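Below is one structure; the comments refer to it alone.
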Amino acid sequence: MSIIVFPAIDLKGGQVVRLAEGDMDRATVYGDDPADQARRFAEAGAEWLHVVDLDGAFAGRAVNAEAVEAIIRAFPGKVELGGGIRDRAGIDHWLALGVERVIIGTAALQNPDLVREAAKELPGRIVVGVDARDGYVATHGWAELSTVSITDLADRFADAGVASLLFTDVGRDGLLKGCNVEATVALARHASIPVIASGGVASIADITALVPHAADGIEGVITGRALYDGRLDLAEALKVARG
């Protein structure tokens, strides 16, 4: 059994940052050359990259487009991109530029038909972002909490052809508290769609804990701050993830 490790590059003002619990006022800057960071992840063996336009998530449109385009050019593997992609034009734009998969979060809740139509016409290219606080879906860059549960959101797209569900425990994100394996696995067992774990990865122990659950539907795991702080070695994580 194996899972994918997605090293993360979060963009704010053109810089590589990590937020604590999705709070834009609690950002730590890790670099001002996103393309170089992408190259370094590739050199460590990463085949996938997880990129988020944080400013875009709040603005509802691409803000760090120049940085994203530089990352796409620099990274030889596959890139999945989220943050402010809320219409078909945005989806088509990024796929045409070389993004492998786009992540739809807020729009998945507000405009589910967009996701359904895109997933049907673009199989394997649409990921639904399931960002949660206490079991309920958070939207607009995690700034607003809905009344929709994570399982309800997953059920809405059960037959839509979505590539995967990206489940982020917002309360753990950027805090190195450890991945919420229990909740992530529970969602994967409930849903008919593969699930990517995100939020709180602190060490190789989180990767080790998730790998056995590939059979439950865990497709991969996203890690950011643990890599930047040196708590997790990407090459080691990739080796463990490959079983």
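For the structure tokens, the naming scheme is as follows: chains receive sequential letters (A, B, ...) according to their order of presentation, residues are indexed from 1 within each chain, and ligands are indexed from 1 in presentation order.
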- Query: Residues at most 8 Å from stretch 144-154 of chain A, counting only C-alpha atoms, excluding those fewer than 4 positions away in the same chain, as number ranges by chain?
  - Reply: A: 109, 130, 132-133, 135-140, 158, 165, 187, 190-191, 193
- Item | Residue contacts of A:Ala160 (7 Å, only C-alpha atoms) excluding same-chain residues fewer than 5 positions away, as number ranges by chain | A: 116, 119-120
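Atom CA of A:Lys12 sits 23.5 Å away from atom CA of A:Arg88.
Atom pair atom CA of A:Gly14 / atom CA of A:Asp32: separated by 6.8 Å.
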- Message: DSSP on the backbone, alpha helix (DSSP H) only: what residues of stretch 19-49 of chain A does that give? Format it as an MDAnalysis selection string.
- Response: chainID A and resid 34:43
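The two atoms in question, atom CA of A:Val79 and atom CA of A:Val211, are spaced 21.5 Å apart.
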